[in-house]
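Student: Take this structure, written in C-alpha cells, and hold onto it; I'll ask about it next.
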Amino acid sequence: MAHTVLYIEDNPDNMTLVQRALESRGYKLLKAVNGLTGVAMAEQEDVDLILLDINLPDIDGYEVARRLRASNKLALKTVPIIAVTANALKGDADKALNAGCDVYMSKPINIRELWARVEGFIPIP
C-alpha cells in the first residue's frame, strides 16, 4: 500500500513538480492550497508525512505546524513535517524547527534532496 504524503503549498508549479516527483516513486499525494485546508485534511486523513510551505495565503506554515502538533489526533503529534520554503534568512530554519517541523528544506526544490528527505522518514512503497 502506498504511503501518503500531504503537501500544503499554494504555488501550482511547485505542487505539480512535487506531485510528479513523489508519485513517480509510488507515494500518494494529497494536496492542500492553504494552511487551514491542510490542517483540516491532516485531521481527516491518515498521512505518513507532511510537506509544508511556510509562506501560505491564510495562516503561515509555522502556525500550521503548531496546530498540527497541538492536535487532538495523536498521530499528528509525531508525523514527520518537512518545511519547504523560499525563506532563507538566518534563523528561519530554527523558527521552523521550533514550530514543530522536523526538517527544513529551501526552495527551489531539488528533487534528489526531496526524495532523500522523504525516504529518510518513509521508505519507498
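Chains: A, B, ... in order of the C-alpha cells. Residues: from 1 per chain. Ligands: from 1, in order shown.
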Counting only C-alpha atoms, what is within 8 Å of range 80-91 of chain A, bar same-chain residues fewer than 6 positions away, as a ChimeraX atom specification?

Tutor: /A:48-55,61,65,100-109,121

Student: Write out as a list of chain:residue names which residues come within 7 Å of range 22-34 of chain A when counting only C-alpha atoms, dropping same-chain ones fewer than 3 positions away.

Tutor: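 Listed by chain and then number, they are A:Ala2, A:His3, A:Thr4, A:Val5, A:Leu6, A:Tyr7, A:Ile8, A:Glu9, A:Asp10, A:Val18, A:Gln19, A:Thr37, A:Gly38, A:Leu56, A:Pro57, A:Asp58, A:Ile124, A:Pro125.
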
Student: Using backbone DSSP assignments, extract all strand (DSSP E) residues from chain A; output them as a PyMOL selection string.

Tutor: chain A and resi 4-8+28-32+49-52+81-85+103-106

Student: Between A:Met15, A:Ala70, A:Val64, A:Ala21, which is the closest to Glu113 in chain A once you count only C-alpha atoms?

Tutor: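 For Glu113 in chain A, the nearest of the candidates is A:Ala21.
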
Student: Could you state the separation of CA of Val47 in chain A and CA of Glu119 in chain A in Å, given to one decimal place?

Tutor: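 Straight-line distance from CA of Val47 in chain A to CA of Glu119 in chain A works out to 14.4 Å.
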
Student: Can you tell me which residues surround Lys73 in chain A at a distance of at most 12 Å, considering only C-alpha atoms, apart from same-chain residues fewer than 5 positions away, and format the answer as a PyMOL selection string?

Tutor: chain A and resi 39-47+67-68+78-79

Student: Let's have the selection written as a PDB file, in the first residue's frame, with C-alpha atoms.

Tutor:
ATOM      1  CA  VAL A  39      -4.765  21.295   8.894  1.00  0.00           C
ATOM      2  CA  ALA A  40      -8.299  20.034   8.183  1.00  0.00           C
ATOM      3  CA  MET A  41      -7.013  17.409   5.733  1.00  0.00           C
ATOM      4  CA  ALA A  42      -4.387  16.222   8.217  1.00  0.00           C
ATOM      5  CA  GLU A  43      -7.115  15.857  10.838  1.00  0.00           C
ATOM      6  CA  GLN A  44      -9.327  13.820   8.484  1.00  0.00           C
ATOM      7  CA  GLU A  45      -6.834  11.700   6.541  1.00  0.00           C
ATOM      8  CA  ASP A  46      -4.154   9.269   7.618  1.00  0.00           C
ATOM      9  CA  VAL A  47      -0.872  10.741   6.403  1.00  0.00           C
ATOM     10  CA  ARG A  67      -1.688  23.468  15.163  1.00  0.00           C
ATOM     11  CA  LEU A  68      -0.741  20.027  13.872  1.00  0.00           C
ATOM     12  CA  THR A  78       4.670  12.739  15.708  1.00  0.00           C
ATOM     13  CA  VAL A  79       4.045  12.688  11.939  1.00  0.00           C
TER      14      VAL A  79
END

Student: Can you check which residues of chain A DSSP gives as alpha helix (DSSP H) on the backbone and send them as number ranges by chain?

Tutor: A: 12-23, 35-44, 61-69, 92-99, 111-121

Student: Atoms to include: N, CA and C atoms. Write the selected residues as a compact mmCIF listing (two decimals), in the first residue's frame.

Tutor:
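Final file, result29.txt:
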# COMPACT_ATOMS: atom_id res chain seq x y z
N PRO A 12 1.03 26.49 -7.68
CA PRO A 12 0.69 25.33 -8.50
C PRO A 12 1.89 24.68 -9.20
N ASP A 13 2.90 25.46 -9.56
CA ASP A 13 4.08 24.89 -10.21
C ASP A 13 4.85 23.99 -9.24
N ASN A 14 5.03 24.45 -8.01
CA ASN A 14 5.71 23.62 -7.01
C ASN A 14 4.88 22.37 -6.71
N MET A 15 3.57 22.52 -6.64
CA MET A 15 2.69 21.39 -6.38
C MET A 15 2.84 20.32 -7.46
N THR A 16 2.85 20.76 -8.72
CA THR A 16 2.98 19.82 -9.85
C THR A 16 4.32 19.12 -9.82
N LEU A 17 5.39 19.87 -9.58
CA LEU A 17 6.73 19.31 -9.51
C LEU A 17 6.82 18.22 -8.44
N VAL A 18 6.35 18.53 -7.25
CA VAL A 18 6.43 17.58 -6.15
C VAL A 18 5.51 16.39 -6.40
N GLN A 19 4.34 16.65 -6.95
CA GLN A 19 3.42 15.55 -7.25
C GLN A 19 4.07 14.55 -8.21
N ARG A 20 4.65 15.05 -9.28
CA ARG A 20 5.30 14.17 -10.25
C ARG A 20 6.47 13.41 -9.62
N ALA A 21 7.26 14.12 -8.83
CA ALA A 21 8.43 13.50 -8.22
C ALA A 21 8.05 12.39 -7.25
N LEU A 22 7.05 12.64 -6.42
CA LEU A 22 6.69 11.64 -5.41
C LEU A 22 5.86 10.51 -5.99
N GLU A 23 4.95 10.83 -6.89
CA GLU A 23 4.15 9.77 -7.49
C GLU A 23 5.01 8.84 -8.35
N GLY A 35 -3.15 26.88 4.46
CA GLY A 35 -2.87 26.28 5.76
C GLY A 35 -4.08 25.68 6.45
N LEU A 36 -5.20 26.39 6.43
CA LEU A 36 -6.39 25.89 7.11
C LEU A 36 -6.90 24.61 6.47
N THR A 37 -6.88 24.55 5.14
CA THR A 37 -7.28 23.33 4.45
C THR A 37 -6.32 22.20 4.78
N GLY A 38 -5.04 22.50 4.85
CA GLY A 38 -4.05 21.50 5.18
C GLY A 38 -4.24 20.92 6.57
N VAL A 39 -4.52 21.78 7.54
CA VAL A 39 -4.76 21.30 8.89
C VAL A 39 -6.00 20.40 8.90
N ALA A 40 -7.06 20.83 8.23
CA ALA A 40 -8.30 20.03 8.18
C ALA A 40 -8.06 18.68 7.51
N MET A 41 -7.31 18.67 6.42
CA MET A 41 -7.01 17.41 5.73
C MET A 41 -6.20 16.48 6.62
N ALA A 42 -5.22 17.03 7.32
CA ALA A 42 -4.39 16.22 8.22
C ALA A 42 -5.23 15.63 9.34
N GLU A 43 -6.22 16.36 9.79
CA GLU A 43 -7.11 15.86 10.84
C GLU A 43 -7.99 14.72 10.32
N GLN A 44 -8.38 14.79 9.05
CA GLN A 44 -9.33 13.82 8.48
C GLN A 44 -8.66 12.60 7.85
N GLY A 61 3.05 28.73 7.61
CA GLY A 61 3.42 27.35 7.89
C GLY A 61 3.83 27.12 9.34
N TYR A 62 4.37 28.14 9.99
CA TYR A 62 4.73 27.98 11.39
C TYR A 62 3.48 27.70 12.22
N GLU A 63 2.41 28.46 11.94
CA GLU A 63 1.15 28.27 12.65
C GLU A 63 0.54 26.91 12.31
N VAL A 64 0.65 26.51 11.04
CA VAL A 64 0.15 25.18 10.64
C VAL A 64 0.86 24.11 11.47
N ALA A 65 2.17 24.18 11.54
CA ALA A 65 2.95 23.18 12.30
C ALA A 65 2.54 23.17 13.77
N ARG A 66 2.38 24.35 14.35
CA ARG A 66 1.96 24.41 15.76
C ARG A 66 0.59 23.78 15.96
N ARG A 67 -0.34 24.05 15.05
CA ARG A 67 -1.69 23.47 15.16
C ARG A 67 -1.66 21.96 14.99
N LEU A 68 -0.85 21.47 14.06
CA LEU A 68 -0.74 20.03 13.87
C LEU A 68 -0.19 19.36 15.13
N ARG A 69 0.85 19.93 15.69
CA ARG A 69 1.47 19.34 16.88
C ARG A 69 0.54 19.42 18.11
N ASP A 92 15.54 31.32 10.05
CA ASP A 92 14.31 30.73 9.51
C ASP A 92 14.24 29.24 9.78
N ALA A 93 15.34 28.54 9.64
CA ALA A 93 15.34 27.10 9.90
C ALA A 93 15.00 26.83 11.37
N ASP A 94 15.62 27.59 12.27
CA ASP A 94 15.33 27.41 13.70
C ASP A 94 13.87 27.71 14.00
N LYS A 95 13.33 28.72 13.35
CA LYS A 95 11.92 29.08 13.57
C LYS A 95 11.00 27.93 13.14
N ALA A 96 11.30 27.30 12.01
CA ALA A 96 10.51 26.17 11.53
C ALA A 96 10.64 24.99 12.48
N LEU A 97 11.84 24.69 12.92
CA LEU A 97 12.06 23.57 13.83
C LEU A 97 11.37 23.82 15.17
N ASN A 98 11.43 25.04 15.66
CA ASN A 98 10.79 25.38 16.92
C ASN A 98 9.27 25.31 16.84
N ALA A 99 8.72 25.51 15.64
CA ALA A 99 7.27 25.44 15.46
C ALA A 99 6.77 24.00 15.39
N ILE A 111 14.94 17.88 -6.51
CA ILE A 111 14.21 16.62 -6.50
C ILE A 111 14.97 15.52 -5.77
N ARG A 112 16.26 15.41 -6.01
CA ARG A 112 17.04 14.36 -5.32
C ARG A 112 17.04 14.57 -3.82
N GLU A 113 17.16 15.81 -3.39
CA GLU A 113 17.11 16.10 -1.95
C GLU A 113 15.72 15.78 -1.40
N LEU A 114 14.68 16.13 -2.16
CA LEU A 114 13.32 15.83 -1.74
C LEU A 114 13.14 14.33 -1.54
N TRP A 115 13.55 13.55 -2.54
CA TRP A 115 13.44 12.09 -2.43
C TRP A 115 14.19 11.59 -1.19
N ALA A 116 15.39 12.07 -1.00
CA ALA A 116 16.20 11.61 0.13
C ALA A 116 15.54 11.96 1.47
N ARG A 117 15.01 13.17 1.57
CA ARG A 117 14.37 13.60 2.82
C ARG A 117 13.12 12.76 3.10
N VAL A 118 12.28 12.60 2.10
CA VAL A 118 11.05 11.83 2.26
C VAL A 118 11.39 10.37 2.59
N GLU A 119 12.31 9.78 1.84
CA GLU A 119 12.67 8.39 2.06
C GLU A 119 13.36 8.18 3.40
N GLY A 120 13.94 9.24 3.96
CA GLY A 120 14.52 9.15 5.29
C GLY A 120 13.48 8.91 6.37
N PHE A 121 12.26 9.35 6.11
CA PHE A 121 11.16 9.15 7.06
C PHE A 121 10.27 7.99 6.70
